[in-house]
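Enquirer: Structure file query.txt (compact mmCIF, C-alpha atoms) right here:
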# COMPACT_ATOMS: atom_id res chain seq x y z
CA MET A 1 85.39 112.18 84.98
CA LEU A 2 88.34 113.03 82.77
CA GLY A 3 89.46 110.09 80.67
CA VAL A 4 93.02 108.93 80.15
CA GLU A 5 92.87 109.86 76.47
CA ALA A 6 92.11 113.48 77.28
CA GLN A 7 95.09 113.64 79.57
CA LYS A 8 97.90 112.81 77.15
CA PRO A 9 100.36 115.63 77.77
CA PRO A 10 102.75 116.97 75.13
CA LYS A 11 105.73 114.65 74.78
CA GLY A 12 108.27 115.16 77.56
CA LYS A 13 106.02 117.05 79.91
CA TRP A 14 105.07 114.16 82.18
CA THR A 15 107.43 111.32 83.09
CA THR A 16 106.11 110.04 86.36
CA ALA A 17 104.91 111.23 89.74
CA PRO A 18 107.72 113.38 91.20
CA PHE A 19 109.10 113.06 94.69
CA ASP A 20 106.50 114.43 97.15
CA PRO A 21 108.12 115.71 100.35
CA ARG A 22 104.86 115.17 102.23
CA PHE A 23 105.44 111.45 101.83
CA PRO A 24 109.18 110.90 102.08
CA ASN A 25 109.14 107.36 103.48
CA GLN A 26 108.63 103.89 102.17
CA ASN A 27 104.88 103.78 102.77
CA GLN A 28 103.32 105.55 99.79
CA THR A 29 99.73 104.46 100.44
CA ARG A 30 98.69 107.90 101.60
CA ASN A 31 100.41 109.53 98.61
CA CYS A 32 98.18 107.57 96.22
CA TYR A 33 95.02 108.11 98.28
CA GLN A 34 95.66 111.82 98.84
CA ASN A 35 96.13 112.50 95.13
CA PHE A 36 92.93 110.59 94.36
CA LEU A 37 91.02 112.68 96.88
CA ASP A 38 92.66 115.89 95.69
CA TYR A 39 91.68 115.15 92.10
CA HIS A 40 88.03 114.63 92.92
CA ARG A 41 87.92 117.61 95.25
CA CYS A 42 89.56 119.75 92.56
CA VAL A 43 87.05 118.65 89.92
CA LYS A 44 84.14 119.27 92.29
CA ALA A 45 85.43 122.73 93.24
CA MET A 46 86.10 123.72 89.62
CA ASN A 47 82.70 122.50 88.50
CA ARG A 48 81.01 124.40 91.31
CA ARG A 49 82.68 127.58 90.09
CA GLY A 50 81.96 126.79 86.48
CA LYS A 51 85.64 126.69 85.53
CA SER A 52 87.53 124.17 83.44
CA ALA A 53 88.96 121.20 85.33
CA GLN A 54 92.20 121.37 83.34
CA PRO A 55 94.41 122.18 86.39
CA CYS A 56 93.13 119.02 88.04
CA GLU A 57 94.93 116.98 85.42
CA TYR A 58 98.11 116.97 87.58
CA TYR A 59 96.36 115.11 90.40
CA PHE A 60 94.79 112.75 87.90
CA ARG A 61 98.15 111.77 86.45
CA GLU A 62 99.69 111.45 89.90
CA TYR A 63 97.12 109.06 91.21
CA ARG A 64 97.10 107.20 87.91
CA SER A 65 100.84 106.63 88.23
CA LEU A 66 100.82 105.66 91.87
CA CYS A 67 97.61 103.80 92.61
CA PRO A 68 97.02 100.18 91.64
CA ILE A 69 94.32 99.88 89.01
CA SER A 70 92.17 97.66 91.23
CA TRP A 71 92.16 100.26 94.01
CA VAL A 72 91.08 103.01 91.58
CA GLN A 73 88.32 100.82 90.16
CA ARG A 74 87.09 99.95 93.62
CA TRP A 75 87.06 103.57 94.74
CA ASN A 76 85.33 104.72 91.56
CA GLN A 77 82.69 102.04 92.08
CA GLN A 78 82.20 103.22 95.66
CA ILE A 79 81.86 106.81 94.50
CA GLN A 80 79.20 105.75 92.02
CA ASP A 81 77.38 103.75 94.70
CA GLY A 82 77.70 106.58 97.19
CA THR A 83 79.65 104.43 99.66
CA PHE A 84 83.09 106.06 99.29
CA ALA A 85 84.48 106.79 102.74
CA GLY A 86 86.65 109.77 101.87
CA LYS A 87 85.49 113.34 102.05
CA ILE A 88 85.11 114.76 98.55
CA MET B 1 120.99 84.38 89.06
CA ALA B 2 121.99 81.95 91.79
CA CYS B 3 124.24 79.07 90.79
CA PRO B 4 124.39 75.56 92.30
CA TYR B 5 126.63 75.31 95.38
CA GLN B 6 126.93 79.08 95.44
CA MET B 7 128.59 80.34 98.62
CA GLY B 8 128.50 84.13 98.30
CA PHE B 9 126.19 86.81 96.99
CA GLN B 10 125.22 87.17 93.37
CA ASP B 11 127.09 89.79 91.33
CA ALA B 12 125.85 93.29 92.04
CA THR B 13 123.55 94.89 89.53
CA SER B 14 122.85 98.16 91.29
CA PRO B 15 125.18 100.68 92.98
CA ILE B 16 123.62 99.99 96.38
CA MET B 17 124.28 96.29 96.04
CA GLU B 18 127.93 97.01 95.20
CA GLU B 19 128.19 98.99 98.43
CA LEU B 20 126.54 96.17 100.34
CA LEU B 21 128.97 93.62 98.92
CA ASN B 22 131.95 95.73 99.99
CA PHE B 23 130.45 96.26 103.43
CA HIS B 24 129.82 92.56 103.79
CA ASP B 25 133.44 91.79 102.85
CA HIS B 26 134.68 94.31 105.41
CA THR B 27 132.45 93.03 108.22
CA LEU B 28 133.01 89.36 107.46
CA MET B 29 136.79 89.92 107.54
CA ILE B 30 136.47 91.45 111.02
CA VAL B 31 134.32 88.53 112.12
CA PHE B 32 136.83 85.99 110.76
CA LEU B 33 139.73 87.76 112.46
CA ILE B 34 137.97 87.82 115.82
CA SER B 35 136.86 84.20 115.51
CA SER B 36 140.36 83.03 114.56
CA MET B 37 141.86 84.91 117.45
CA VAL B 38 139.37 83.42 119.91
CA LEU B 39 139.92 79.94 118.50
CA TYR B 40 143.67 80.38 118.79
CA LEU B 41 143.44 81.60 122.39
CA ILE B 42 141.17 78.72 123.40
CA SER B 43 143.49 76.18 121.83
CA LEU B 44 146.46 77.82 123.58
CA MET B 45 144.69 77.56 126.94
CA LEU B 46 143.80 73.93 126.39
CA ALA B 47 147.35 73.01 125.45
CA THR B 48 149.20 74.35 128.48
CA LYS B 49 149.93 72.80 131.89
CA LEU B 50 150.52 76.22 133.51
CA THR B 51 147.79 77.55 135.81
CA HIS B 52 147.23 80.79 137.63
CA THR B 53 144.17 80.71 139.83
CA ASN B 54 144.35 83.91 141.88
CA THR B 55 144.14 86.77 139.45
CA MET B 56 142.68 89.79 141.23
CA ASP B 57 143.43 93.07 139.44
CA ALA B 58 143.89 93.34 135.69
CA GLN B 59 143.00 96.92 135.00
CA GLU B 60 145.16 97.38 131.92
CA VAL B 61 143.98 94.35 130.00
CA GLU B 62 140.38 95.00 131.06
CA THR B 63 140.62 98.51 129.62
CA VAL B 64 142.07 97.21 126.37
CA TRP B 65 139.46 94.54 125.88
CA THR B 66 136.69 97.03 126.49
CA ILE B 67 137.96 99.84 124.29
CA LEU B 68 139.09 97.66 121.40
CA PRO B 69 135.69 95.97 120.80
CA ALA B 70 134.01 99.36 121.02
CA VAL B 71 136.35 100.65 118.32
CA ILE B 72 135.69 97.59 116.19
CA LEU B 73 131.93 98.09 116.53
CA ILE B 74 132.27 101.71 115.48
CA LEU B 75 134.30 100.60 112.46
CA ILE B 76 131.39 98.36 111.52
CA ALA B 77 128.61 100.82 112.35
CA LEU B 78 129.87 103.81 110.37
CA PRO B 79 129.91 102.16 106.92
CA SER B 80 126.63 100.47 107.77
CA LEU B 81 124.89 103.75 108.53
CA ARG B 82 126.44 105.34 105.46
CA ILE B 83 124.82 102.71 103.25
CA LEU B 84 121.55 102.91 105.16
CA TYR B 85 121.28 106.62 104.48
CA MET B 86 122.41 106.12 100.90
CA MET B 87 119.44 103.81 100.37
CA ASP B 88 117.11 106.58 101.53
CA GLU B 89 118.45 109.28 99.27
CA ILE B 90 115.88 111.29 97.42
CA ASN B 91 116.08 110.59 93.74
CA ASP B 92 113.91 111.58 90.84
CA PRO B 93 112.43 108.46 89.28
CA SER B 94 111.70 108.46 85.57
CA LEU B 95 109.20 105.63 85.63
CA THR B 96 106.76 104.09 88.10
CA VAL B 97 105.93 100.38 87.99
CA LYS B 98 103.60 98.60 90.37
CA ALA B 99 104.11 94.97 91.35
CA LEU B 100 101.09 93.31 92.91
CA GLY B 101 101.29 89.93 94.58
CA HIS B 102 98.56 87.38 94.11
CA GLN B 103 98.24 83.77 95.05
CA TRP B 104 100.36 82.64 93.22
CA TYR B 105 101.71 85.03 90.60
CA TRP B 106 102.81 88.63 90.24
CA SER B 107 101.05 91.26 88.16
CA TYR B 108 102.75 94.40 86.94
CA GLU B 109 101.22 97.73 86.05
CA TYR B 110 102.82 100.51 84.03
CA THR B 111 100.29 103.34 84.24
CA ASP B 112 102.34 106.49 83.68
CA TYR B 113 100.99 106.85 80.14
CA GLU B 114 98.72 104.13 78.83
CA GLU B 115 97.33 101.46 81.09
CA LEU B 116 99.67 98.53 80.59
CA ASP B 117 99.27 95.63 82.97
CA PHE B 118 99.97 91.92 82.72
CA ASP B 119 100.35 88.83 84.85
CA SER B 120 103.60 86.95 85.32
CA TYR B 121 103.27 83.23 85.98
CA MET B 122 106.08 80.78 86.53
CA ILE B 123 106.75 78.46 83.59
CA PRO B 124 106.07 74.89 84.85
CA THR B 125 109.06 72.58 84.80
CA THR B 126 107.45 70.38 82.17
CA ASP B 127 107.15 73.33 79.77
CA LEU B 128 110.70 74.61 80.03
CA ASN B 129 112.87 74.94 76.96
CA PRO B 130 116.43 73.54 77.13
CA GLY B 131 118.75 75.88 78.99
CA GLU B 132 116.00 77.63 80.93
CA LEU B 133 116.08 77.81 84.71
CA ARG B 134 113.82 75.55 86.72
CA LEU B 135 111.39 77.37 89.07
CA LEU B 136 112.77 80.74 87.95
CA GLU B 137 111.47 81.45 84.45
CA VAL B 138 108.22 83.31 83.87
CA ASP B 139 106.01 83.83 80.86
CA ASN B 140 105.99 87.66 80.96
CA ARG B 141 109.08 89.35 82.28
CA VAL B 142 109.21 92.81 83.79
CA VAL B 143 110.98 94.83 81.11
CA LEU B 144 112.65 97.96 82.45
CA PRO B 145 115.08 100.56 81.12
CA MET B 146 118.58 100.33 82.54
CA GLU B 147 120.69 103.06 84.19
CA VAL B 148 117.58 105.04 85.10
CA PRO B 149 115.98 105.34 88.57
CA ILE B 150 112.67 103.52 88.57
CA ARG B 151 110.11 103.74 91.35
CA MET B 152 108.71 100.30 92.24
CA LEU B 153 105.51 100.24 94.27
CA ILE B 154 104.82 96.86 95.81
CA SER B 155 101.47 95.73 97.13
CA SER B 156 99.33 92.65 97.33
CA GLU B 157 95.82 91.71 96.33
CA ASP B 158 95.34 88.95 98.86
CA VAL B 159 97.90 87.74 101.43
CA LEU B 160 101.41 88.82 102.34
CA HIS B 161 104.06 88.29 99.69
CA SER B 162 107.51 89.80 99.25
CA TRP B 163 109.12 91.06 96.06
CA ALA B 164 112.85 90.40 96.06
CA ILE B 165 115.72 90.67 93.58
CA PRO B 166 118.94 89.60 95.35
CA SER B 167 121.37 90.84 92.71
CA MET B 168 120.02 94.37 93.13
CA GLY B 169 119.79 94.16 96.91
CA LEU B 170 116.04 94.70 96.76
CA LYS B 171 113.33 93.25 98.91
CA ALA B 172 110.01 94.75 99.98
CA ASP B 173 107.00 93.11 101.53
CA ALA B 174 103.79 93.08 99.53
CA ILE B 175 101.10 93.96 102.05
CA PRO B 176 97.43 94.23 101.09
CA GLY B 177 96.23 97.81 101.46
CA ARG B 178 99.74 99.25 101.58
CA LEU B 179 102.08 100.56 98.89
CA ASN B 180 105.77 100.03 99.61
CA GLN B 181 108.17 102.08 97.57
CA MET B 182 111.62 101.07 96.34
CA THR B 183 113.98 102.59 93.80
CA ILE B 184 115.65 100.39 91.22
CA THR B 185 118.72 101.55 89.31
CA SER B 186 120.46 98.91 87.26
CA SER B 187 124.04 99.42 86.14
CA ARG B 188 123.85 96.87 83.37
CA PRO B 189 121.42 95.12 81.02
CA GLY B 190 120.42 91.52 81.51
CA LEU B 191 118.04 89.13 83.22
CA PHE B 192 117.76 89.26 86.99
CA TYR B 193 115.85 86.70 88.99
CA GLY B 194 114.16 86.70 92.35
CA GLN B 195 111.59 84.69 94.23
CA CYS B 196 108.65 85.46 96.47
CA SER B 197 110.07 85.96 99.94
CA GLU B 198 107.10 85.73 102.28
CA ILE B 199 105.18 82.54 102.85
CA CYS B 200 101.89 82.85 101.05
CA GLY B 201 100.40 79.42 100.63
CA SER B 202 100.99 76.23 98.74
CA ASN B 203 102.72 77.74 95.69
CA HIS B 204 104.85 80.26 97.54
CA SER B 205 108.00 78.70 96.04
CA PHE B 206 106.56 78.90 92.53
CA MET B 207 105.98 82.57 91.90
CA PRO B 208 109.34 83.96 90.76
CA ILE B 209 110.21 87.42 89.52
CA VAL B 210 112.27 88.09 86.39
CA ILE B 211 113.45 91.55 85.46
CA GLU B 212 114.74 92.19 81.96
CA MET B 213 116.90 95.30 81.91
CA VAL B 214 117.26 96.79 78.43
CA PRO B 215 118.41 100.06 76.86
CA LEU B 216 115.81 102.81 76.81
CA GLU B 217 115.08 102.51 73.06
CA VAL B 218 114.42 98.78 73.41
CA PHE B 219 112.15 99.50 76.39
CA GLU B 220 110.17 102.04 74.38
CA ASP B 221 109.79 99.58 71.51
CA TRP B 222 108.62 96.93 73.96
CA THR B 223 105.96 99.20 75.47
CA LEU B 224 104.70 99.99 71.97
CA SER B 225 104.56 96.32 71.09
CA VAL B 226 102.53 95.25 74.12
CA THR B 227 99.96 98.06 74.27
Let me see the file written as structure tokens.
Expert:
Amino acid sequence: MLGVEAQKPPKGKWTTAPFDPRFPNQNQTRNCYQNFLDYHRCVKAMNRRGKSAQPCEYYFREYRSLCPISWVQRWNQQIQDGTFAGKI
Amino acid sequence: MACPYQMGFQDATSPIMEELLNFHDHTLMIVFLISSMVLYLISLMLATKLTHTNTMDAQEVETVWTILPAVILILIALPSLRILYMMDEINDPSLTVKALGHQWYWSYEYTDYEELDFDSYMIPTTDLNPGELRLLEVDNRVVLPMEVPIRMLISSEDVLHSWAIPSMGLKADAIPGRLNQMTITSSRPGLFYGQCSEICGSNHSFMPIVIEMVPLEVFEDWTLSVT
């Protein structure tokens, strides 16, 4: 899994998660969850093709900005245990 | 913050709150005018000996007192909808901060760059310094840059709470498993207070929120000093 340290972008490139028109309303739960799923799916697809997971960094930073730390920790623990409910 | 015996709203800190204050003045004036007129008419009717008990047709006055209230309601609804849509405008936030409700404190996470998170407990009354506000001060304030749109994501780790800052016109429920988004833009620096606004147990009244709005350079220095 890519660590936070590896993801430090050049200064000024990343401020925060931009407005996502797929989730225009107040409830941003799905925004956080979707970016988390997209990151893991991206990493899995890139690894399967033997390519670098560098393009997946965008999803990583998005879910890092949006998702509460406890949610991310819980989901990562579930992935490790094999009990994560999402399709990756 | 709120003052003793305060009758009106707190001074506006965000552009939306300024709009809401003006709208409230406009609507309250209409309400006062209607109430005074009704009170006057009732007192007139009580103070006269004249009676007229067989009114049958009154088409003209009936038309007037149907159309006029409809016009008044439109005059209230149009500014109201304007502000409602203004609140939903798409803006480009520069920072994302998460506020998570717990029983009975708030925790804040700034995870755009490093992982900065801390808890914010109320300072007990016995530990207050002179001049500090009872039931409103906290140990770690939410420091934010002013004049910049900030995305606040509110959630909860246990029961329902609500994150509210009256002077900015902000309130969003903290619901476990859900992320509610709000945009904060402060027009000025300073300290802005709020309190938990959804009953959440015995210390519901004792988990306040304090936002410290500072210039961007001061905010950057603060983030360096706490990480």
Enquirer: Give me the chain A side of the contact with chain B, cut-off 7 Å, one line per residue showing its nearest atom pair and distance in Å at one decimal, counting all atoms listed in the file, sorted by chain and residue number, as CSV.
Expert:
residue,atom,partner,partner_atom,distance
A:Thr15,CA,B:Ser94,CA,5.7
A:Thr16,CA,B:Leu95,CA,5.4
A:Pro18,CA,B:Asp92,CA,6.5
A:Phe19,CA,B:Asp92,CA,6.3
A:Gln26,CA,B:Gln181,CA,5.0
A:Asn27,CA,B:Asn180,CA,5.0
A:Gln28,CA,B:Leu179,CA,5.2
A:Thr29,CA,B:Leu179,CA,4.8
A:Arg64,CA,B:Thr111,CA,6.2
A:Ser65,CA,B:Asp112,CA,4.8
A:Pro68,CA,B:Lys98,CA,6.9
Enquirer: Any idea what the distance is between atom CA of Glu198 of chain B and atom CA of Asp25 of chain B?
Expert: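 Computing it gives 27.0 Å between the two atoms.
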Enquirer: Rounded to one decimal in Å, what is the spacing between atom CA of Val226 of chain B and atom CA of Gln73 of chain A?
Expert: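 These atoms are spaced 22.1 Å apart.
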Enquirer: So what do you get for atom CA of Ile123 of chain B versus atom CA of Asp139 of chain B, distance-wise?
Expert: 6.1 Å
Enquirer: What lies within 12 Å of Trp222 of chain B using all atoms listed in the file, ignoring chain neighbours under 6 positions off, as an NGL selection string?
Expert: :B and (116 or 140-145 or 212-216)
Enquirer: Need the axis-aligned box for segment 207-215 of chain B with 3 Å each side, so what are the centre and edges in Å to one decimal, as lines of an AutoDock Vina configuration file?
Expert:
center_x = 112.2
center_y = 91.3
center_z = 84.4
size_x = 18.4
size_y = 23.5
size_z = 21.0
Enquirer: Write out as a list of chain:residue names which residues come within 12 Å of Cys3 of chain B when counting all atoms listed in the file, dropping same-chain ones fewer than 6 positions away.
Expert: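 The neighbour list is B:Phe9, B:Gln10, B:Asp11, B:Leu133, B:Arg134, B:Leu136, B:Tyr193.
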Enquirer: Extract, using all atoms listed in the file, all DNA, RNA and protein residues at most 7 Å from Trp163 of chain B, discarding same-chain residues fewer than 5 positions from it, and format them as a VMD selection string.
Expert: chain B and resid 171 to 174 196 to 197
Enquirer: Show which residues sit within 9 Å of Leu37 of chain A, as an MDAnalysis selection string. Count only C-alpha atoms, and ignore same-chain residues fewer than 5 positions away.
Expert: chainID A and resid 32 42 59 86:88
Enquirer: Kindly reconstruct segment 13-46 of chain A with N, CA and C atoms and present the result as a PDB file, keeping the file's coordinate frame.
Expert:
ATOM      1  N   LYS A  13     106.476 116.222  78.793  1.00  0.00           N
ATOM      2  CA  LYS A  13     106.020 117.050  79.910  1.00  0.00           C
ATOM      3  C   LYS A  13     105.805 116.207  81.170  1.00  0.00           C
ATOM      4  N   TRP A  14     105.338 114.990  81.011  1.00  0.00           N
ATOM      5  CA  TRP A  14     105.070 114.160  82.180  1.00  0.00           C
ATOM      6  C   TRP A  14     105.895 112.890  82.090  1.00  0.00           C
ATOM      7  N   THR A  15     106.745 112.621  83.066  1.00  0.00           N
ATOM      8  CA  THR A  15     107.430 111.320  83.090  1.00  0.00           C
ATOM      9  C   THR A  15     106.717 110.427  84.093  1.00  0.00           C
ATOM     10  N   THR A  16     106.831 110.794  85.354  1.00  0.00           N
ATOM     11  CA  THR A  16     106.110 110.040  86.360  1.00  0.00           C
ATOM     12  C   THR A  16     105.889 110.932  87.566  1.00  0.00           C
ATOM     13  N   ALA A  17     105.186 110.420  88.556  1.00  0.00           N
ATOM     14  CA  ALA A  17     104.910 111.230  89.740  1.00  0.00           C
ATOM     15  C   ALA A  17     106.234 111.654  90.381  1.00  0.00           C
ATOM     16  N   PRO A  18     106.444 112.959  90.613  1.00  0.00           N
ATOM     17  CA  PRO A  18     107.720 113.380  91.200  1.00  0.00           C
ATOM     18  C   PRO A  18     107.764 113.064  92.687  1.00  0.00           C
ATOM     19  N   PHE A  19     108.945 113.250  93.260  1.00  0.00           N
ATOM     20  CA  PHE A  19     109.100 113.060  94.690  1.00  0.00           C
ATOM     21  C   PHE A  19     108.198 114.050  95.420  1.00  0.00           C
ATOM     22  N   ASP A  20     107.398 113.554  96.378  1.00  0.00           N
ATOM     23  CA  ASP A  20     106.500 114.430  97.150  1.00  0.00           C
ATOM     24  C   ASP A  20     107.036 114.487  98.580  1.00  0.00           C
ATOM     25  N   PRO A  21     107.516 115.654  99.008  1.00  0.00           N
ATOM     26  CA  PRO A  21     108.120 115.710 100.350  1.00  0.00           C
ATOM     27  C   PRO A  21     107.141 115.471 101.478  1.00  0.00           C
ATOM     28  N   ARG A  22     105.826 115.503 101.179  1.00  0.00           N
ATOM     29  CA  ARG A  22     104.860 115.170 102.230  1.00  0.00           C
ATOM     30  C   ARG A  22     104.900 113.686 102.559  1.00  0.00           C
ATOM     31  N   PHE A  23     105.409 112.900 101.630  1.00  0.00           N
ATOM     32  CA  PHE A  23     105.440 111.450 101.830  1.00  0.00           C
ATOM     33  C   PHE A  23     106.838 110.968 101.510  1.00  0.00           C
ATOM     34  N   PRO A  24     107.796 111.215 102.422  1.00  0.00           N
ATOM     35  CA  PRO A  24     109.180 110.900 102.080  1.00  0.00           C
ATOM     36  C   PRO A  24     109.565 109.450 102.318  1.00  0.00           C
ATOM     37  N   ASN A  25     108.720 108.680 103.026  1.00  0.00           N
ATOM     38  CA  ASN A  25     109.140 107.360 103.480  1.00  0.00           C
ATOM     39  C   ASN A  25     108.659 106.248 102.562  1.00  0.00           C
ATOM     40  N   GLN A  26     108.891 105.033 103.026  1.00  0.00           N
ATOM     41  CA  GLN A  26     108.630 103.890 102.170  1.00  0.00           C
ATOM     42  C   GLN A  26     107.135 103.693 101.916  1.00  0.00           C
ATOM     43  N   ASN A  27     106.312 104.043 102.886  1.00  0.00           N
ATOM     44  CA  ASN A  27     104.880 103.780 102.770  1.00  0.00           C
ATOM     45  C   ASN A  27     104.220 104.877 101.937  1.00  0.00           C
ATOM     46  N   GLN A  28     103.882 104.566 100.702  1.00  0.00           N
ATOM     47  CA  GLN A  28     103.320 105.550  99.790  1.00  0.00           C
ATOM     48  C   GLN A  28     101.802 105.437  99.660  1.00  0.00           C
ATOM     49  N   THR A  29     101.176 104.663 100.546  1.00  0.00           N
ATOM     50  CA  THR A  29      99.730 104.460 100.440  1.00  0.00           C
ATOM     51  C   THR A  29      98.991 105.789 100.476  1.00  0.00           C
ATOM     52  N   ARG A  30      99.385 106.638 101.423  1.00  0.00           N
ATOM     53  CA  ARG A  30      98.690 107.900 101.600  1.00  0.00           C
ATOM     54  C   ARG A  30      98.909 108.821 100.417  1.00  0.00           C
ATOM     55  N   ASN A  31     100.093 108.715  99.780  1.00  0.00           N
ATOM     56  CA  ASN A  31     100.410 109.530  98.610  1.00  0.00           C
ATOM     57  C   ASN A  31      99.373 109.258  97.515  1.00  0.00           C
ATOM     58  N   CYS A  32      99.144 107.973  97.243  1.00  0.00           N
ATOM     59  CA  CYS A  32      98.180 107.570  96.220  1.00  0.00           C
ATOM     60  C   CYS A  32      96.789 108.054  96.593  1.00  0.00           C
ATOM     61  N   TYR A  33      96.376 107.782  97.852  1.00  0.00           N
ATOM     62  CA  TYR A  33      95.020 108.110  98.280  1.00  0.00           C
ATOM     63  C   TYR A  33      94.799 109.617  98.286  1.00  0.00           C
ATOM     64  N   GLN A  34      95.796 110.363  98.744  1.00  0.00           N
ATOM     65  CA  GLN A  34      95.660 111.820  98.840  1.00  0.00           C
ATOM     66  C   GLN A  34      95.492 112.441  97.462  1.00  0.00           C
ATOM     67  N   ASN A  35      96.265 111.953  96.475  1.00  0.00           N
ATOM     68  CA  ASN A  35      96.130 112.500  95.130  1.00  0.00           C
ATOM     69  C   ASN A  35      94.777 112.149  94.516  1.00  0.00           C
ATOM     70  N   PHE A  36      94.266 110.962  94.843  1.00  0.00           N
ATOM     71  CA  PHE A  36      92.930 110.590  94.360  1.00  0.00           C
ATOM     72  C   PHE A  36      91.884 111.528  94.929  1.00  0.00           C
ATOM     73  N   LEU A  37      91.976 111.772  96.241  1.00  0.00           N
ATOM     74  CA  LEU A  37      91.020 112.680  96.880  1.00  0.00           C
ATOM     75  C   LEU A  37      91.163 114.087  96.299  1.00  0.00           C
ATOM     76  N   ASP A  38      92.427 114.530  96.172  1.00  0.00           N
ATOM     77  CA  ASP A  38      92.660 115.890  95.690  1.00  0.00           C
ATOM     78  C   ASP A  38      92.105 116.079  94.295  1.00  0.00           C
ATOM     79  N   TYR A  39      92.225 115.035  93.451  1.00  0.00           N
ATOM     80  CA  TYR A  39      91.680 115.150  92.100  1.00  0.00           C
ATOM     81  C   TYR A  39      90.177 115.354  92.145  1.00  0.00           C
ATOM     82  N   HIS A  40      89.496 114.528  92.905  1.00  0.00           N
ATOM     83  CA  HIS A  40      88.030 114.630  92.920  1.00  0.00           C
ATOM     84  C   HIS A  40      87.563 115.926  93.582  1.00  0.00           C
ATOM     85  N   ARG A  41      88.301 116.349  94.608  1.00  0.00           N
ATOM     86  CA  ARG A  41      87.920 117.610  95.250  1.00  0.00           C
ATOM     87  C   ARG A  41      88.134 118.780  94.297  1.00  0.00           C
ATOM     88  N   CYS A  42      89.235 118.697  93.528  1.00  0.00           N
ATOM     89  CA  CYS A  42      89.560 119.750  92.560  1.00  0.00           C
ATOM     90  C   CYS A  42      88.467 119.830  91.499  1.00  0.00           C
ATOM     91  N   VAL A  43      88.082 118.670  90.961  1.00  0.00           N
ATOM     92  CA  VAL A  43      87.050 118.650  89.920  1.00  0.00           C
ATOM     93  C   VAL A  43      85.753 119.208  90.467  1.00  0.00           C
ATOM     94  N   LYS A  44      85.409 118.804  91.686  1.00  0.00           N
ATOM     95  CA  LYS A  44      84.140 119.270  92.290  1.00  0.00           C
ATOM     96  C   LYS A  44      84.186 120.780  92.493  1.00  0.00           C
ATOM     97  N   ALA A  45      85.342 121.285  92.979  1.00  0.00           N
ATOM     98  CA  ALA A  45      85.430 122.730  93.240  1.00  0.00           C
ATOM     99  C   ALA A  45      85.385 123.510  91.939  1.00  0.00           C
ATOM    100  N   MET A  46      86.078 123.012  90.907  1.00  0.00           N
ATOM    101  CA  MET A  46      86.100 123.720  89.620  1.00  0.00           C
ATOM    102  C   MET A  46      84.713 123.706  88.997  1.00  0.00           C
TER     103      MET A  46
END
